[in-house]
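The block underneath contains the structure these notes are about, expressed in structure tokens.
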Amino acid sequence: MTHLTLSNISKQFGETAAVQDFNLEVEKGEFVSFLGPSGCGKTTTLRMIAGFEIPTTGKVTIDDADITDKAPNQRDVGMVFQAYALFPNMSVAQNIGFGMRIHRESKAAIKQRVEEMLALIHLEKKGNSYPYQLSGGQQQRVALARALANRPQVLLLDEPLSALDAKIRVQLRAEIRSIQRKLGITAIYVTHDQEEALSISDRIVVMYEGKIEQVGTPFQIYNFPQTAFVASFVGTLNTATAEVVDPANRLISMDGIQLQSAEEMEGMQKGDKVSIAIRPERISFAAQEKKANILDCQIENITFLGSVVRIQVLVGKTHFYMDTFNNPFLELPKIGDKDQVTCSREAVLVLKA
Amino acid sequence: MKNGGKVWSWFWMILGIVYFFLPLVATFIFSLRAKKGVLSFLAYQQLFNDSGFIKGFSYSILWGVLTIIVGILIFVPTAYWVRLRAPQFRTAVEFITLLPFVIPAIVFVFGLVRTFSHPPFLIVDSPVLLIAGYTVLSMPYMYRSIDTGLRSIDVRTLTEAAQSLGAGWATILFQIILPNIRVAILSGAFLSFAIVMGEYILAQYLAKPAFAPFLAYLIQEKAYEPAAATIISFALTWACMGIINLFGRGQQTQIAGGH
């Protein structure tokens, strides 16, 4: 059942089109991330759902009720900010209970809900502390509890983990996801961190220059990017320009080196220029296992990344990265060695411009 | 070289202290000499027995408190709104707040008298005009203190956080913004209070009872009491400054970690 709908949303700031023709339907209890680089319009879209920006055109509805022109305090939407935004003059318990006090709930109900929320974020003993007495991670957990205490229909999270260090970020994102699942609340999460979006979301909306590039599950976004931007923005990707040789047999040529893809090439003609993309982890040494495409190469560089070893190879005139799991008992090639690499037909993605 | 620098630092500091405190100490000692041959608080006693002093002093305190209330009611929402919704007007508003430094008080008071001494604005006899005048005179201190306070908190995000929780403007202003700029407001309030306590021209020309005109009258009439009144006035100003510092210390830790 569609819970939150954004129909033909656009936002203009003077001459700049921050968001253009944005359409999205979010199911109840779904966790959707807006992913994209700075200035792509993801936060503006979130702010339009929150009511802090009014769309230039389009409609925002929750359960079919039009909330486009409603004031932010009339929307029943909870929001978590990057800068925590806890009220410094209030204790943790007062912060969490603030929304309920505004809605004139009874003292007993507020007390009970605050205790529930404190238990949910594992800060039972911090109710009387003030925000300045908490760490960044704790403050953000309180901000989450505060946003949830009112039982909002939709939870909005605007880069909530950006100000935290890496370890806390990973821990807290798992916590956010687990709380969201537990409460079954619809959540929209804004991030520019692809790993965060991939790990936490049911669906990801990849945005670029105010437009939706692709909407899909993390699996779809990573493995089957539909545009060159999505392919380059999500994960590491080898891209190259190629020429269509035989569209029926899905053959393409990269600097004279023939490659076979599994992608449909409907409407393409022999000689058409296309962009192709191959994920580094989908390339391997041909000595280990031979796949549909076998390419001669020269080892250019080897970078040790811990669990993964990234090897740069030169195929024709194109530089490719290939990732292989670190195996301490496997001998790595040497820089300058000539070798062969291989990849399957499915690994060769033909991208829309 | 290092020692030489230290000696000069001490020299300038002592010189500054002497320059500032010597007249004050001299005035204080002079105020104690009302009784011939002995040091006593007679001048202070006589001052507190003088109904003119009590009246002027009490009225000045009243004007000061009213000025602070009016100032807070006008400048907190203004500074908040400019910071949140109209940052493009900030320079213009800051320029306006500095006008009392540029326009002499005497010009200002004659402007007030001319404008408000005939219908439809016949309020020259009302204390409203005096309070309005004091509010304008204290504007540079009050507005800037509040603006500095607002700068120390993330006004936009706090406002949006409160809005997303269902709060309206009044709740945001009184429950979120005001408590978090308490120190800044107190600083502005005490500075305004000090300005009102020492202000002469406005009260004199609008013919309202106040401390400064009484002090001026006293100087013409008596010898020791004006000195005592000056010391009392100084003590009051210092007490205000002390209170600003006292509140300031507590808040700093809270604001620093607060956002």
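Ligands are numbered from 1 in the order shown, residues from 1 within each chain, and chains are lettered A, B, ... in the order they appear in the structure tokens.
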
Mind running chain A against chain B at 6 Å and telling me each contacting residue's nearest atom pair with the distance in Å (one decimal), counting only C-alpha atoms, chain and number ascending, as CSV?
```
residue,atom,partner,partner_atom,distance
A:Pro72,CA,B:Ser164,CA,5.7
A:Asn73,CA,B:Gly166,CA,3.9
A:Gly78,CA,B:Ser164,CA,5.8
A:Ala85,CA,B:Leu158,CA,5.3
A:Pro88,CA,B:Gly258,CA,4.7
A:Gly99,CA,B:Leu165,CA,4.7
A:Pro131,CA,B:Gly258,CA,5.8
A:Tyr132,CA,B:Gly257,CA,4.0
```

Range 81-98 of chain B: which residues within 9 Å, counting only C-alpha atoms, same-chain residues fewer than 3 positions away excluded, as a ChimeraX atom specification?
-> /B:76-78,101-102,136,139-141,143-144,147,150-151,155-156,159

Name the residues in contact with range 240-243 of chain A at a cut-off of 12 Å, using only C-alpha atoms, excluding same-chain residues fewer than 3 positions from it; report them as a ChimeraX atom specification.
-> /A:228,231-232,237,246-247,250-261,265,268-279,315-321,348-353

With only C-alpha atoms as the basis for distance, which of A:Asn293, A:Ser284, A:Gln180, A:Asn89 is at the shortest distance from Phe325 in chain A?
->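 Looking at the shortest contact to Phe325 in chain A, the residue is A:Ser284.
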
Just give me the gap between CA of Ser201 in chain A and CA of Gln171 in chain A in Å, one decimal is fine.
->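 Answer for the CA of Ser201 in chain A to CA of Gln171 in chain A separation: 15.2 Å.
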
Give me, please, the distance in Å between CA of Gly336 in chain A and CA of Asp323 in chain A, quoted to one decimal.
->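 Computing it gives 17.6 Å between the two atoms.
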
Could you name the residues that touch Ser187 in chain B at 8 Å or less, counting only C-alpha atoms, but leaving out those on the same chain fewer than 2 positions away, as a list in words?
->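 Here the qualifying residues turn out to be Met142, Ser145, Val183, Ala184, Ile185, Ala189, Phe190, Leu191, Met241 and Ile244 of chain B.
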
Selected residues written out with C-alpha atoms, as an mmCIF file, in the first residue's frame:
```cif
data_model
loop_
_atom_site.group_PDB
_atom_site.id
_atom_site.type_symbol
_atom_site.label_atom_id
_atom_site.label_comp_id
_atom_site.auth_asym_id
_atom_site.auth_seq_id
_atom_site.Cartn_x
_atom_site.Cartn_y
_atom_site.Cartn_z
ATOM 1 C CA MET B 142 20.474 45.121 23.246
ATOM 2 C CA SER B 145 23.937 41.191 22.426
ATOM 3 C CA VAL B 183 23.087 35.099 28.775
ATOM 4 C CA ALA B 184 23.086 37.322 25.713
ATOM 5 C CA ILE B 185 19.725 38.791 26.716
ATOM 6 C CA ALA B 189 19.518 43.913 29.630
ATOM 7 C CA PHE B 190 22.163 44.987 32.137
ATOM 8 C CA LEU B 191 23.882 47.239 29.640
ATOM 9 C CA MET B 241 28.561 43.641 34.989
ATOM 10 C CA ILE B 244 26.539 39.294 33.396
#
```

What's the 6 Å shell around Asn23 in chain A, counting only C-alpha atoms, without same-chain residues fewer than 6 positions away, as an MDAnalysis selection string?
-> chainID A and resid 6:8

Take the residues that were just selected and, keeping N, CA and C atoms, output them as a PDB file, in the first residue's frame.
```pdb
ATOM      1  N   LEU A   6       5.158  11.283  -3.877  1.00  0.00           N
ATOM      2  CA  LEU A   6       5.639  12.567  -4.403  1.00  0.00           C
ATOM      3  C   LEU A   6       5.339  12.558  -5.903  1.00  0.00           C
ATOM      4  N   SER A   7       4.462  13.475  -6.320  1.00  0.00           N
ATOM      5  CA  SER A   7       4.045  13.470  -7.730  1.00  0.00           C
ATOM      6  C   SER A   7       4.511  14.737  -8.433  1.00  0.00           C
ATOM      7  N   ASN A   8       5.271  14.560  -9.477  1.00  0.00           N
ATOM      8  CA  ASN A   8       5.762  15.663 -10.330  1.00  0.00           C
ATOM      9  C   ASN A   8       6.349  16.823  -9.544  1.00  0.00           C
TER      10      ASN A   8
END
```

So which residues of range 107-262 of chain A fall under helix (DSSP H, G or I) by DSSP, listed as number ranges by chain?
-> A: 107-120, 124-126, 131-133, 136-149, 166-183, 194-200, 218-223, 228-233

All residues 6 Å or closer to range 60-66 of chain A, only C-alpha atoms, same chain fewer than 2 positions away omitted, as a list in words = His3, Leu4, Thr5, Leu6 and Thr68 of chain A

Write out, as a JSON list (two decimals), in the first residue's frame, the residues just selected, with C-alpha atoms.
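The file below, selection28.json, is the result:
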```json
[["chain", "number", "residue", "atom", "x", "y", "z"],
["A", 3, "HIS", "CA", 1.99, 5.51, 2.02],
["A", 4, "LEU", "CA", 3.96, 8.52, 0.86],
["A", 5, "THR", "CA", 3.67, 9.86, -2.67],
["A", 6, "LEU", "CA", 5.64, 12.57, -4.40],
["A", 68, "THR", "CA", 1.90, 19.98, 0.01]]
```

Contacts of Leu206 in chain B within 10 Å, only C-alpha atoms, excl. fewer than 5 positions in-chain, as a count of residues only | 12

When distances are computed from only C-alpha atoms, which of B:Leu202, B:Leu66, B:Leu215, B:Ile172 shows the smallest separation from Ala229 in chain B?
-> B:Leu215

What is the distance between CA of Lys126 in chain A and CA of Gln139 in chain A, in Å to one decimal?
->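 About the pair CA of Lys126 in chain A and CA of Gln139 in chain A: they are 10.5 Å apart.
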